[in-house]
Each structure stands twice: as structure tokens, then as C-alpha cells.
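Next comes protein.csv, with CSV, C-alpha atoms.
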chain,number,residue,atom,x,y,z
K,1,MET,CA,1.4,-8.9,8.1
K,2,ALA,CA,4.0,-9.1,5.4
K,3,GLY,CA,5.8,-6.0,4.4
K,4,VAL,CA,3.9,-3.5,2.1
K,5,LEU,CA,5.2,-2.1,-1.1
K,6,LEU,CA,4.9,1.5,-2.2
K,7,TRP,CA,5.9,3.5,-5.3
K,8,VAL,CA,5.5,7.3,-5.3
K,9,ILE,CA,7.4,10.1,-6.9
K,10,SER,CA,9.0,12.5,-4.5
K,11,PRO,CA,7.4,15.9,-4.1
K,12,LYS,CA,10.6,17.0,-2.4
K,13,GLU,CA,11.4,19.7,-4.9
K,14,ASN,CA,8.1,21.3,-4.0
K,15,ALA,CA,8.6,21.1,-0.3
K,16,THR,CA,7.6,23.9,1.9
K,17,ALA,CA,9.4,24.7,5.1
K,18,LEU,CA,9.2,22.3,8.0
K,19,LEU,CA,8.4,25.2,10.3
K,20,SER,CA,5.1,25.6,8.5
K,21,LEU,CA,4.2,22.0,9.6
K,22,ILE,CA,5.0,22.4,13.3
K,23,PRO,CA,2.0,23.6,15.3
K,24,ARG,CA,2.4,27.2,16.6
K,25,GLY,CA,-0.9,27.4,18.4
K,26,THR,CA,-2.7,28.9,15.4
K,27,ALA,CA,-5.8,27.3,14.0
K,28,GLY,CA,-5.4,28.7,10.5
K,29,LYS,CA,-2.9,26.2,9.2
K,30,ALA,CA,-4.9,23.3,10.4
K,31,GLN,CA,-8.0,24.7,8.6
K,32,LYS,CA,-6.1,25.1,5.4
K,33,SER,CA,-4.8,21.5,5.6
K,34,SER,CA,-8.2,20.3,6.3
K,35,ARG,CA,-9.6,21.9,3.2
K,36,LEU,CA,-7.0,20.4,1.0
K,37,CYS,CA,-7.5,16.9,2.5
K,38,PRO,CA,-11.2,16.7,3.3
K,39,ARG,CA,-12.5,13.9,5.4
K,40,LEU,CA,-15.2,13.0,3.0
K,41,LYS,CA,-18.3,11.8,4.8
K,42,SER,CA,-21.6,10.5,3.7
K,43,SER,CA,-24.8,12.3,4.4
K,44,THR,CA,-25.2,10.3,7.6
K,45,GLY,CA,-21.8,11.5,8.9
K,46,VAL,CA,-20.2,8.1,8.6
K,47,SER,CA,-17.5,7.3,6.0
K,48,ALA,CA,-18.7,5.6,2.9
K,49,PHE,CA,-16.5,2.6,3.5
K,50,SER,CA,-17.6,2.2,7.1
K,51,THR,CA,-21.2,2.2,5.9
K,52,ALA,CA,-20.5,-0.4,3.3
K,53,VAL,CA,-18.6,-2.7,5.7
K,54,ALA,CA,-21.6,-2.6,8.0
K,55,ASN,CA,-23.8,-4.1,5.2
K,56,PRO,CA,-23.0,-7.8,5.3
K,57,ALA,CA,-25.0,-8.5,2.2
K,58,ARG,CA,-22.3,-6.9,0.0
K,59,SER,CA,-19.1,-8.6,-1.1
K,60,SER,CA,-15.7,-7.2,-0.1
K,61,GLU,CA,-15.0,-6.1,-3.7
K,62,GLU,CA,-18.2,-4.1,-3.7
K,63,LYS,CA,-17.3,-2.4,-0.4
K,64,VAL,CA,-13.8,-1.6,-1.6
K,65,TYR,CA,-15.1,-0.3,-4.9
K,66,GLU,CA,-16.9,2.4,-3.0
K,67,VAL,CA,-13.5,3.6,-1.7
K,68,VAL,CA,-12.1,3.5,-5.2
K,69,LEU,CA,-14.9,5.8,-6.4
K,70,LYS,CA,-14.3,8.2,-3.5
K,71,GLN,CA,-10.6,8.4,-4.1
K,72,ALA,CA,-11.0,8.8,-7.8
K,73,ALA,CA,-13.4,11.7,-7.3
K,74,LEU,CA,-10.7,13.6,-5.5
K,75,VAL,CA,-8.1,13.2,-8.3
K,76,ARG,CA,-10.7,13.8,-11.0
K,77,GLU,CA,-11.7,17.1,-9.3
K,78,GLN,CA,-8.0,18.1,-9.2
K,79,ARG,CA,-7.5,17.3,-12.9
K,80,GLN,CA,-10.5,19.4,-13.9
K,81,LYS,CA,-9.4,22.4,-11.9
K,82,LYS,CA,-6.3,23.2,-13.9
K,83,ALA,CA,-5.9,26.5,-12.1
K,84,LEU,CA,-5.6,24.9,-8.7
K,85,ASP,CA,-2.5,26.2,-7.0
K,86,LEU,CA,-0.8,23.5,-5.0
K,87,GLU,CA,2.1,25.7,-3.8
K,88,ARG,CA,1.8,26.5,-0.1
K,89,THR,CA,3.6,29.4,1.4
K,90,ALA,CA,4.9,29.2,4.9
K,91,ASP,CA,3.1,31.5,7.4
K,92,SER,CA,6.0,31.9,9.7
K,93,ASP,CA,7.5,35.3,10.3
K,94,GLY,CA,8.6,35.5,6.7
K,95,MET,CA,11.2,32.8,7.2
K,96,THR,CA,11.5,29.3,5.9
K,97,ASP,CA,13.7,26.4,6.8
K,98,TRP,CA,14.1,24.2,3.8
K,99,ASP,CA,17.0,22.3,5.3
K,100,LEU,CA,14.8,20.8,8.0
K,101,LEU,CA,12.1,19.6,5.6
K,102,ASN,CA,14.7,18.3,3.2
K,103,GLU,CA,16.3,16.4,6.0
K,104,ALA,CA,12.9,14.9,6.8
K,105,TYR,CA,12.6,13.6,3.3
K,106,ASP,CA,16.2,12.3,3.3
K,107,ARG,CA,15.5,10.4,6.5
K,108,CYS,CA,12.5,8.7,4.9
K,109,GLY,CA,14.8,7.6,2.1
K,110,GLU,CA,17.3,6.1,4.6
K,111,VAL,CA,14.5,4.2,6.3
K,112,CYS,CA,13.4,2.7,3.0
K,113,ALA,CA,17.0,1.8,2.1
K,114,GLU,CA,17.2,-0.1,5.4
K,115,TYR,CA,13.9,-2.1,5.1
K,116,ALA,CA,12.9,-2.2,1.4
K,117,LYS,CA,15.7,-4.4,0.2
K,118,THR,CA,13.8,-5.8,-2.8
K,119,PHE,CA,12.8,-2.4,-4.2
K,120,TYR,CA,15.4,0.1,-3.2
K,121,LEU,CA,17.3,-0.6,-6.4
K,122,VAL,CA,14.5,1.1,-8.3
K,123,VAL,CA,13.6,3.8,-5.8
K,124,ILE,CA,16.9,5.5,-5.2
K,125,ASN,CA,15.5,8.9,-6.4
K,126,ILE,CA,12.0,8.2,-5.0
K,127,SER,CA,11.0,9.5,-1.6
K,128,LEU,CA,8.9,6.8,0.0
K,129,TYR,CA,7.4,8.9,2.7
K,130,TYR,CA,4.2,6.8,2.5
K,131,ALA,CA,6.3,3.7,2.7
K,132,VAL,CA,7.9,4.9,5.9
K,133,TRP,CA,4.5,5.5,7.5
K,134,CYS,CA,3.2,2.1,6.2
K,135,ARG,CA,6.4,0.4,7.5
K,136,ARG,CA,6.0,2.0,10.9
K,137,THR,CA,2.4,1.0,11.0
K,138,ASP,CA,3.3,-2.6,10.0
K,139,GLU,CA,5.9,-2.7,12.7
K,140,LEU,CA,3.3,-2.1,15.3
K,141,VAL,CA,1.9,-5.6,14.8
K,142,ASP,CA,4.9,-7.4,13.2
K,143,GLY,CA,7.9,-5.7,14.7
K,144,PRO,CA,9.9,-6.7,17.8
K,145,ASN,CA,7.5,-5.1,20.2
K,146,ALA,CA,4.4,-6.6,18.5
K,147,SER,CA,3.6,-8.8,21.5
K,148,HIS,CA,3.1,-5.6,23.6
K,149,ILE,CA,0.8,-3.8,21.1
K,150,THR,CA,-2.8,-3.4,22.1
K,151,PRO,CA,-5.9,-2.0,20.3
K,152,ARG,CA,-5.4,1.1,22.4
K,153,ALA,CA,-1.9,1.6,21.0
K,154,LEU,CA,-3.4,1.5,17.5
K,155,ASP,CA,-6.0,4.0,18.6
K,156,ARG,CA,-3.2,6.3,19.6
K,157,TRP,CA,-1.5,5.8,16.3
K,158,GLU,CA,-4.7,6.7,14.5
K,159,LYS,CA,-5.0,9.9,16.6
K,160,ARG,CA,-1.4,10.7,15.6
K,161,LEU,CA,-2.5,10.2,11.9
K,162,ASP,CA,-5.3,12.7,12.4
K,163,ASP,CA,-2.9,15.2,13.7
K,164,LEU,CA,-0.5,14.6,10.8
K,165,PHE,CA,-3.3,15.3,8.3
K,166,GLU,CA,-4.1,18.5,10.2
K,167,GLY,CA,-0.6,19.8,9.8
K,168,ARG,CA,0.7,18.8,13.3
K,169,PRO,CA,3.4,16.2,12.7
K,170,TYR,CA,4.8,14.4,15.8
K,171,ASP,CA,8.3,13.9,14.4
K,172,MET,CA,10.6,14.4,11.4
K,173,LEU,CA,9.2,11.3,9.5
K,174,ASP,CA,5.7,12.5,10.1
K,175,ALA,CA,6.6,15.9,8.8
K,176,ALA,CA,7.5,14.7,5.3
K,177,LEU,CA,4.2,12.9,5.0
K,178,SER,CA,2.3,15.9,6.5
K,179,ASP,CA,3.9,18.2,3.9
K,180,THR,CA,2.9,15.8,1.1
K,181,VAL,CA,-0.7,15.4,2.0
K,182,SER,CA,-1.1,19.1,2.2
K,183,LYS,CA,-0.2,19.5,-1.5
K,184,TYR,CA,-2.1,16.6,-3.1
K,185,PRO,CA,-5.7,15.4,-3.1
K,186,VAL,CA,-4.9,12.6,-0.6
K,187,ASP,CA,-7.7,11.4,1.5
K,188,ILE,CA,-7.1,10.0,5.0
K,189,GLN,CA,-9.4,7.0,4.6
K,190,PRO,CA,-6.9,4.6,3.0
K,191,PHE,CA,-4.5,5.4,5.9
K,192,GLU,CA,-7.3,4.7,8.4
K,193,ASP,CA,-8.2,1.5,6.6
K,194,MET,CA,-4.5,0.3,6.8
K,195,ILE,CA,-4.7,0.7,10.6
K,196,GLU,CA,-7.9,-1.3,10.6
K,197,GLY,CA,-5.8,-4.0,8.9
K,198,MET,CA,-3.4,-3.9,11.8
K,199,ARG,CA,-6.4,-4.3,14.2
K,200,LEU,CA,-7.4,-7.5,12.2
K,201,ASP,CA,-3.9,-8.9,12.7
K,202,LEU,CA,-4.4,-8.5,16.5
K,203,ARG,CA,-7.6,-10.5,16.6
K,204,LYS,CA,-7.8,-12.7,13.5
K,205,SER,CA,-5.5,-15.4,12.3
K,206,ARG,CA,-7.8,-17.3,9.9
K,207,TYR,CA,-9.9,-16.3,6.9
K,208,LYS,CA,-12.8,-18.5,6.0
K,209,ASN,CA,-13.0,-17.6,2.3
K,210,PHE,CA,-11.4,-15.4,-0.3
K,211,ASP,CA,-14.0,-12.6,0.2
K,212,GLU,CA,-12.6,-12.2,3.8
K,213,LEU,CA,-9.1,-12.4,2.6
K,214,TYR,CA,-9.7,-9.9,-0.2
K,215,LEU,CA,-10.8,-7.3,2.4
K,216,TYR,CA,-7.8,-8.0,4.5
K,217,CYS,CA,-5.5,-7.6,1.5
K,218,TYR,CA,-7.2,-4.3,0.7
K,219,TYR,CA,-6.7,-3.0,4.2
K,220,VAL,CA,-3.0,-3.8,4.4
K,221,ALA,CA,-1.8,-3.4,0.8
K,222,GLY,CA,-4.6,-2.2,-1.6
K,223,THR,CA,-4.7,1.0,0.4
K,224,VAL,CA,-1.2,1.7,-0.6
K,225,GLY,CA,-2.2,2.0,-4.3
K,226,LEU,CA,-5.0,4.4,-3.4
K,227,MET,CA,-2.6,6.5,-1.3
K,228,SER,CA,-0.2,6.7,-4.2
K,229,VAL,CA,-2.2,7.7,-7.3
K,230,PRO,CA,-2.7,11.3,-6.3
K,231,VAL,CA,1.0,11.9,-5.9
K,232,MET,CA,2.2,9.9,-8.9
K,233,GLY,CA,-0.4,11.6,-11.1
K,234,ILE,CA,-2.3,10.5,-14.2
K,235,ALA,CA,-0.8,11.4,-17.6
K,236,PRO,CA,-2.5,14.4,-19.2
K,237,GLU,CA,-2.7,12.4,-22.4
K,238,SER,CA,-4.4,9.4,-20.8
K,239,LYS,CA,-7.9,8.5,-22.1
K,240,ALA,CA,-8.5,6.1,-19.2
K,241,SER,CA,-11.1,6.9,-16.6
K,242,THR,CA,-9.8,7.9,-13.2
K,243,GLU,CA,-11.6,5.0,-11.7
K,244,SER,CA,-9.9,2.5,-13.9
K,245,VAL,CA,-6.4,3.8,-12.9
K,246,TYR,CA,-7.4,3.5,-9.3
K,247,ASN,CA,-8.7,0.0,-9.9
K,248,ALA,CA,-5.3,-1.0,-11.4
K,249,ALA,CA,-3.4,0.5,-8.4
K,250,LEU,CA,-5.7,-1.4,-6.1
K,251,ALA,CA,-5.1,-4.6,-8.1
K,252,LEU,CA,-1.3,-4.2,-7.7
K,253,GLY,CA,-1.7,-3.8,-3.9
K,254,ILE,CA,-3.9,-7.0,-3.8
K,255,ALA,CA,-1.4,-8.9,-6.1
K,256,ASN,CA,1.5,-7.9,-3.9
K,257,GLN,CA,-0.1,-9.0,-0.7
K,258,LEU,CA,-1.3,-12.3,-2.2
K,259,THR,CA,2.3,-12.8,-3.2
K,260,ASN,CA,3.5,-12.0,0.3
K,261,ILE,CA,1.1,-14.5,1.7
K,262,LEU,CA,2.1,-17.3,-0.7
K,263,ARG,CA,5.8,-16.6,-0.1
K,264,ASP,CA,5.4,-16.6,3.7
K,265,VAL,CA,3.2,-19.6,4.4
K,266,GLY,CA,5.7,-21.3,6.5
K,267,GLU,CA,6.8,-18.2,8.4
K,268,ASP,CA,3.3,-17.2,9.1
K,269,ALA,CA,2.4,-20.8,10.2
K,270,ARG,CA,5.2,-20.7,12.8
K,271,ARG,CA,3.5,-17.6,14.2
K,272,GLY,CA,0.1,-19.4,14.3
K,273,ARG,CA,-1.3,-17.5,11.3
K,274,ILE,CA,-2.8,-18.9,8.1
K,275,TYR,CA,-3.6,-16.3,5.5
K,276,LEU,CA,-5.2,-18.8,3.1
K,277,PRO,CA,-9.0,-19.3,2.4
K,278,GLN,CA,-10.2,-22.1,4.7
K,279,ASP,CA,-12.9,-23.2,2.3
K,280,GLU,CA,-10.4,-23.6,-0.6
K,281,LEU,CA,-8.0,-25.5,1.6
K,282,ALA,CA,-10.9,-27.9,2.5
K,283,ARG,CA,-11.9,-28.4,-1.1
K,284,ALA,CA,-8.3,-29.3,-1.9
K,285,GLY,CA,-8.3,-31.9,0.9
K,286,LEU,CA,-6.0,-29.8,3.1
K,287,SER,CA,-6.3,-28.6,6.6
K,288,ASP,CA,-4.4,-26.3,9.1
K,289,ASP,CA,-2.6,-29.4,10.3
K,290,ASP,CA,-1.1,-30.0,6.8
K,291,ILE,CA,0.3,-26.5,6.8
K,292,PHE,CA,1.7,-26.8,10.3
K,293,ARG,CA,3.4,-30.1,9.2
K,294,GLY,CA,4.8,-28.4,6.2
K,295,HIS,CA,5.0,-31.3,3.8
K,296,VAL,CA,4.9,-30.6,0.1
K,297,THR,CA,2.4,-33.0,-1.4
K,298,ASP,CA,0.5,-33.3,-4.7
K,299,LYS,CA,-2.5,-31.8,-3.0
K,300,TRP,CA,-0.5,-28.8,-1.9
K,301,ARG,CA,1.1,-28.3,-5.3
K,302,ASN,CA,-2.3,-28.3,-7.0
K,303,PHE,CA,-3.7,-25.9,-4.3
K,304,MET,CA,-0.7,-23.6,-4.8
K,305,LYS,CA,-1.1,-23.6,-8.6
K,306,ASP,CA,-4.6,-22.2,-8.2
K,307,GLN,CA,-3.5,-19.5,-5.6
K,308,ILE,CA,-0.6,-18.4,-7.9
K,309,LYS,CA,-2.9,-18.2,-10.9
K,310,ARG,CA,-5.2,-15.9,-8.9
K,311,ALA,CA,-2.3,-13.6,-7.9
K,312,ARG,CA,-1.2,-13.4,-11.5
K,313,MET,CA,-4.7,-12.4,-12.6
K,314,PHE,CA,-4.4,-9.4,-10.2
K,315,PHE,CA,-1.0,-8.5,-11.6
K,316,ASP,CA,-2.5,-8.7,-15.1
K,317,GLU,CA,-5.2,-6.2,-14.0
K,318,ALA,CA,-2.6,-3.9,-12.5
K,319,GLU,CA,-0.6,-3.8,-15.7
K,320,LYS,CA,-3.5,-2.1,-17.5
K,321,GLY,CA,-3.1,1.1,-15.4
K,322,VAL,CA,0.7,1.6,-15.2
K,323,GLY,CA,0.9,3.2,-18.6
K,324,GLU,CA,-1.7,5.8,-17.6
K,325,LEU,CA,0.4,7.3,-14.9
K,326,ASN,CA,2.6,10.3,-15.4
K,327,ALA,CA,5.8,9.5,-17.3
K,328,ALA,CA,8.1,10.0,-14.3
K,329,SER,CA,6.1,7.4,-12.3
K,330,ARG,CA,5.9,4.6,-14.7
K,331,TRP,CA,9.4,3.1,-14.5
K,332,PRO,CA,9.5,2.5,-10.7
K,333,VAL,CA,5.9,1.1,-10.8
K,334,TRP,CA,6.8,-1.3,-13.7
K,335,ALA,CA,10.0,-2.3,-12.0
K,336,SER,CA,8.2,-3.1,-8.7
K,337,LEU,CA,5.4,-5.0,-10.5
K,338,LEU,CA,7.8,-7.1,-12.6
K,339,LEU,CA,10.1,-7.8,-9.6
K,340,TYR,CA,7.3,-8.8,-7.3
K,341,ARG,CA,5.7,-11.0,-9.9
K,342,GLN,CA,8.9,-13.0,-10.2
K,343,ILE,CA,8.5,-14.1,-6.6
K,344,LEU,CA,5.6,-16.3,-7.8
K,345,ASP,CA,8.0,-17.8,-10.4
K,346,ALA,CA,10.5,-18.5,-7.6
K,347,ILE,CA,7.8,-20.4,-5.6
K,348,GLU,CA,7.2,-22.6,-8.6
K,349,GLU,CA,11.0,-23.1,-9.0
K,350,ASN,CA,11.1,-24.2,-5.4
K,351,ASP,CA,8.5,-26.9,-6.2
K,352,TYR,CA,5.9,-25.0,-4.2
K,353,ASN,CA,7.9,-25.5,-1.0
K,354,ASN,CA,7.0,-22.3,0.8
K,355,PHE,CA,7.2,-24.0,4.2
K,356,THR,CA,10.9,-24.1,4.6
K,357,GLU,CA,12.3,-22.3,1.5
K,358,ARG,CA,11.8,-18.6,1.0
K,359,ALA,CA,11.2,-17.5,-2.6
K,360,PHE,CA,13.1,-14.4,-3.6
K,361,VAL,CA,14.5,-12.6,-6.7
K,362,GLY,CA,18.2,-12.6,-6.9
K,363,LYS,CA,20.3,-9.4,-7.6
K,364,ALA,CA,21.1,-10.5,-11.1
K,365,LYS,CA,17.4,-10.9,-12.0
K,366,LYS,CA,16.6,-7.6,-10.3
K,367,PHE,CA,19.2,-5.7,-12.4
K,368,ALA,CA,18.0,-7.5,-15.6
K,369,THR,CA,14.5,-6.4,-14.9
K,370,LEU,CA,15.2,-2.7,-14.7
K,371,PRO,CA,15.8,-2.1,-18.4
K,372,VAL,CA,12.7,-4.2,-19.2
K,373,ALA,CA,10.7,-2.0,-16.9
K,374,TYR,CA,12.2,1.1,-18.4
K,375,GLY,CA,11.3,0.0,-21.9
K,376,ARG,CA,7.7,-0.6,-20.9
K,377,ALA,CA,7.6,2.8,-19.2
K,378,LEU,CA,8.6,4.5,-22.4
K,379,MET,CA,5.7,2.9,-24.2
K,380,GLY,CA,3.4,5.5,-22.6
K,381,THR,CA,-0.4,5.2,-22.1
K,382,SER,CA,-2.0,2.0,-23.1
K,383,LYS,CA,-4.9,1.2,-25.5
K,384,LEU,CA,-6.6,-1.1,-23.1
K,385,PHE,CA,-9.3,1.3,-21.8

What does this structure look like when you write it as C-alpha cells?
Amino acid sequence: MAGVLLWVISPKENATALLSLIPRGTAGKAQKSSRLCPRLKSSTGVSAFSTAVANPARSSEEKVYEVVLKQAALVREQRQKKALDLERTADSDGMTDWDLLNEAYDRCGEVCAEYAKTFYLVVINISLYYAVWCRRTDELVDGPNASHITPRALDRWEKRLDDLFEGRPYDMLDAALSDTVSKYPVDIQPFEDMIEGMRLDLRKSRYKNFDELYLYCYYVAGTVGLMSVPVMGIAPESKASTESVYNAALALGIANQLTNILRDVGEDARRGRIYLPQDELARAGLSDDDIFRGHVTDKWRNFMKDQIKRARMFFDEAEKGVGELNAASRWPVWASLLLYRQILDAIEENDYNNFTERAFVGKAKKFATLPVAYGRALMGTSKLF
């Protein structure tokens, strides 16, 4: 799976003591955390998304929309309860240790600086604690030890996620995320769905149509948008529905992943993976063998034009929601959107050779994009809803 992108404003200034996150054999803290981050279940006791996926008659977009509605309900409830107190006090002998928790957030920033080369320019003051967790999850199936990862290892990682949401972080990096999800209406389901995307990477290397690919893109990247909205926040003056903002965040995740896929065709092929709709390849007169050969032909160019057009449509949808976010969140989101969208331009500039040439955005273009993004961020909420 290609790397995932994330944009969230740091809650570091609201951080509680790390000591309050480390289990001390008391059930009280876990119960408090559970109430703030409810594992919403349907009346049957099965998550709404799991129920939807079990119904083969529904499209992937319909299944994912159920998740959008569920996440939007959490944020909408928070916005309606203006008196909700998000401040948590540390129940630990009257002592707090801010330095430890601050160090946890700082370490998350260091990890992001090491791996998120494209976006660290715009996230210097942003704590990407989600991104660290997503990156670590991604590394399980795409990292140097990927060949040794088994479904059981992912099960253990999911159990660790459960502990994290219950206020029992395993290490310092987990602690920053555990602190964050205790303060915001963050649901565990998008995190679980991302792990499900890792499971797909272990057993699936072809996608017969875009419906299948869309679900995969939701798992590995659309989930990031759903994770982020509760922390970024929706502007108080926004007239947009909560669902529409979540849809835009989802669209940005899908657009980013489609862009990753189109950028990394050659790299993925060398690993035996083809993340392109098989039926669309066939209609274009192309096959897996054409991709493994890696020759840019007119058929390939025409196919790529259609794929890029679709990715841009998702970016267009994502743009509708950026202005609805809290003011402090808009600039990094606009910057990441505009920067990632330029990768599609780079593919075109490479004459659609994504077999042997890697499309990227140069430093000059990155710096030139920042003021443009800042200008859009200042425009505030949109009139599109």
C-alpha cells in the first residue's frame, strides 16, 4: 500500500499527563475513555459497516456512506452539546507529568519529519499522531519486515489498538494518540477499517472493478479523513451539514490513494500488485502483461487519461469541504490537497510513463503552493452547500 496522508491540528496544548494514560490497575480510567469514544454498535451487536459489507447487493460507496453517517453523528452530537467539557484531569496522586506527554507528541513529529517528505513542509506545527499510527500500520505490510507479517500479527495490532482506545497505550507513540482520542469524538471504526485494508494487502493483489478498488481506497486512505475531522473541527459559522464535510474528507482520502496508485504503477507491478480495475484495463485493450512489460503505448495513455480524470473528480469533491473546517485547519489541508493533486500533473508531464519514472512535486513548486493554499484558507467557509 502506498503511504497515507494525514492532516490534523495538534491538541498538544490541551494534553493531559502521560501518567494518566498508563494503566495503573484501575478500571475507572478505561471506563471514562470508553464513554468518550463509544464503540457504536447496531442493534444486532455488529458494527454498521460490518453489516453493510456482508450485504453483497450494495455498492462499496453505499457501504462506506454508512460509516460517514456514523462518524458525522458523533461530531454533530459534540457540536450540539456546547457545554461538553473536553478537559480531562489526571487521576494520579495529584501529580501530572506534562514533559512525558509533550515528549510523546514531539516524537510523533519527528517520525513524520522522517517519513512524510512531501508534506512536512506544511505540517511543521502540526502533530500528526494519527499519521504516525497510520504509518506504523502501513509498515506492517509494506515495510522491511512485510514478508514476515501474518494475519495473526495484524490481529495483535488490532488488540493493541483496542487497548490504546481504552487508555492503555503500549509505548510513547501510542500515548499521544491515546490522549487525543480521549478528548475528541473519535470512533475506533476507521482505525479498525484501516487494519482491514492491511489484511487485504496480504491476500489480494488484483481488483476486478472500481467498486472493489473504491472499498480498498476507503480502507487504506479514506479512513484517514474520517479520523481527522473530529480533531480538525468544523467552523462554527459553517452552514454545511456535518455529513457533507465528512464526505469531502473521505473524497480527499480516496483522491490521494488513487493518486498513489497511478504514481506507483511500475513499483507495485514489480511487487506483483496491480491496483487498477481489471475490467477497465480489458476495455482499454490492456492486460496485466502490458503492465509488467511497462511500455507506454497510445492505449496506455488513453487509459491513464481516464484514471487521472477520475482522481481529479475526487479532488474536486474534496475541495468543497476544506473551507468548512476550523480556520486553523484549512491551510495545511489546502496545501496537502494542492500538492498531491500536482502529482497527477507530473504523471502527464512524464508522458504517462509511471512504469519507470516516478512523478513528484519539486521543492520549488511545493514552496510556491504554500501561499496559494494560505490564500484559499483565508477565504473561509464556502457557498457550495

Record the distance separating atom CA of Asn145 of chain K and atom CA of Ile274 of chain K, expressed in Å with one decimal.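 These two atoms are separated by 21.0 Å.
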
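Compared by their closest atoms to Gly233 of chain K, and using only C-alpha atoms, the residues K:Glu61, K:Asp345, K:Glu324, K:Asp289 rank with K:Glu324 nearest.
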
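If all atoms listed in the file are the atoms counted, then among K:Ser228, K:Ser329, K:Asn256, K:Ser205 the closest residue to Arg376 of chain K is K:Ser329.
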
Report, in Å with one decimal, the straight-line distance from atom CA of Ala235 of chain K to atom CA of Ala328 of chain K.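 These two atoms are separated by 9.6 Å.
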
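For the pair atom CA of Pro277 of chain K and atom CA of Met304 of chain K, the separation is 11.8 Å.
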
Residue contacts of Val220 of chain K (9 Å, all atoms listed in the file) excluding same-chain residues fewer than 5 positions away, as a ChimeraX atom specification: /K:1-2,4,134,138,193-198,215,253-254,257

Incomplete segment 225-247 of chain K filled out to N, CA and C atoms as an mmCIF file, keeping the file's coordinate frame:
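Generated file (part_16.cif):
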data_model
loop_
_atom_site.group_PDB
_atom_site.id
_atom_site.type_symbol
_atom_site.label_atom_id
_atom_site.label_comp_id
_atom_site.auth_asym_id
_atom_site.auth_seq_id
_atom_site.Cartn_x
_atom_site.Cartn_y
_atom_site.Cartn_z
ATOM 1 N N GLY K 225 -1.956 1.514 -2.916
ATOM 2 C CA GLY K 225 -2.200 2.000 -4.300
ATOM 3 C C GLY K 225 -3.076 3.238 -4.265
ATOM 4 N N LEU K 226 -4.113 3.234 -3.428
ATOM 5 C CA LEU K 226 -5.000 4.400 -3.400
ATOM 6 C C LEU K 226 -4.323 5.603 -2.791
ATOM 7 N N MET K 227 -3.399 5.395 -1.871
ATOM 8 C CA MET K 227 -2.600 6.500 -1.300
ATOM 9 C C MET K 227 -1.732 7.139 -2.389
ATOM 10 N N SER K 228 -1.242 6.314 -3.301
ATOM 11 C CA SER K 228 -0.200 6.700 -4.200
ATOM 12 C C SER K 228 -0.593 7.474 -5.432
ATOM 13 N N VAL K 229 -1.732 7.103 -6.001
ATOM 14 C CA VAL K 229 -2.200 7.700 -7.300
ATOM 15 C C VAL K 229 -2.175 9.199 -7.278
ATOM 16 N N PRO K 230 -2.701 9.853 -6.231
ATOM 17 C CA PRO K 230 -2.700 11.300 -6.300
ATOM 18 C C PRO K 230 -1.361 11.958 -6.414
ATOM 19 N N VAL K 231 -0.331 11.340 -5.854
ATOM 20 C CA VAL K 231 1.000 11.900 -5.900
ATOM 21 C C VAL K 231 1.708 11.522 -7.208
ATOM 22 N N MET K 232 1.547 10.277 -7.644
ATOM 23 C CA MET K 232 2.200 9.900 -8.900
ATOM 24 C C MET K 232 1.545 10.604 -10.077
ATOM 25 N N GLY K 233 0.249 10.820 -10.031
ATOM 26 C CA GLY K 233 -0.400 11.600 -11.100
ATOM 27 C C GLY K 233 -0.793 10.718 -12.281
ATOM 28 N N ILE K 234 -1.833 11.122 -12.964
ATOM 29 C CA ILE K 234 -2.300 10.500 -14.200
ATOM 30 C C ILE K 234 -1.812 11.303 -15.379
ATOM 31 N N ALA K 235 -1.296 10.642 -16.410
ATOM 32 C CA ALA K 235 -0.800 11.400 -17.600
ATOM 33 C C ALA K 235 -1.823 12.236 -18.206
ATOM 34 N N PRO K 236 -1.479 13.473 -18.551
ATOM 35 C CA PRO K 236 -2.500 14.400 -19.200
ATOM 36 C C PRO K 236 -3.048 13.787 -20.452
ATOM 37 N N GLU K 237 -2.258 12.977 -21.173
ATOM 38 C CA GLU K 237 -2.700 12.400 -22.400
ATOM 39 C C GLU K 237 -3.549 11.144 -22.260
ATOM 40 N N SER K 238 -3.660 10.656 -21.021
ATOM 41 C CA SER K 238 -4.400 9.400 -20.800
ATOM 42 C C SER K 238 -5.874 9.570 -21.083
ATOM 43 N N LYS K 239 -6.421 8.575 -21.764
ATOM 44 C CA LYS K 239 -7.900 8.500 -22.100
ATOM 45 C C LYS K 239 -8.605 7.632 -21.087
ATOM 46 N N ALA K 240 -7.871 7.029 -20.186
ATOM 47 C CA ALA K 240 -8.500 6.100 -19.200
ATOM 48 C C ALA K 240 -9.284 6.892 -18.181
ATOM 49 N N SER K 241 -10.316 6.264 -17.669
ATOM 50 C CA SER K 241 -11.100 6.900 -16.600
ATOM 51 C C SER K 241 -10.248 6.873 -15.316
ATOM 52 N N THR K 242 -10.490 7.851 -14.470
ATOM 53 C CA THR K 242 -9.800 7.900 -13.200
ATOM 54 C C THR K 242 -10.038 6.642 -12.382
ATOM 55 N N GLU K 243 -11.282 6.162 -12.413
ATOM 56 C CA GLU K 243 -11.600 5.000 -11.700
ATOM 57 C C GLU K 243 -10.827 3.751 -12.119
ATOM 58 N N SER K 244 -10.592 3.638 -13.442
ATOM 59 C CA SER K 244 -9.900 2.500 -13.900
ATOM 60 C C SER K 244 -8.406 2.512 -13.491
ATOM 61 N N VAL K 245 -7.820 3.695 -13.395
ATOM 62 C CA VAL K 245 -6.400 3.800 -12.900
ATOM 63 C C VAL K 245 -6.374 3.417 -11.443
ATOM 64 N N TYR K 246 -7.346 3.874 -10.669
ATOM 65 C CA TYR K 246 -7.400 3.500 -9.300
ATOM 66 C C TYR K 246 -7.607 1.992 -9.094
ATOM 67 N N ASN K 247 -8.446 1.412 -9.937
ATOM 68 C CA ASN K 247 -8.700 0.000 -9.900
ATOM 69 C C ASN K 247 -7.375 -0.797 -10.134
#
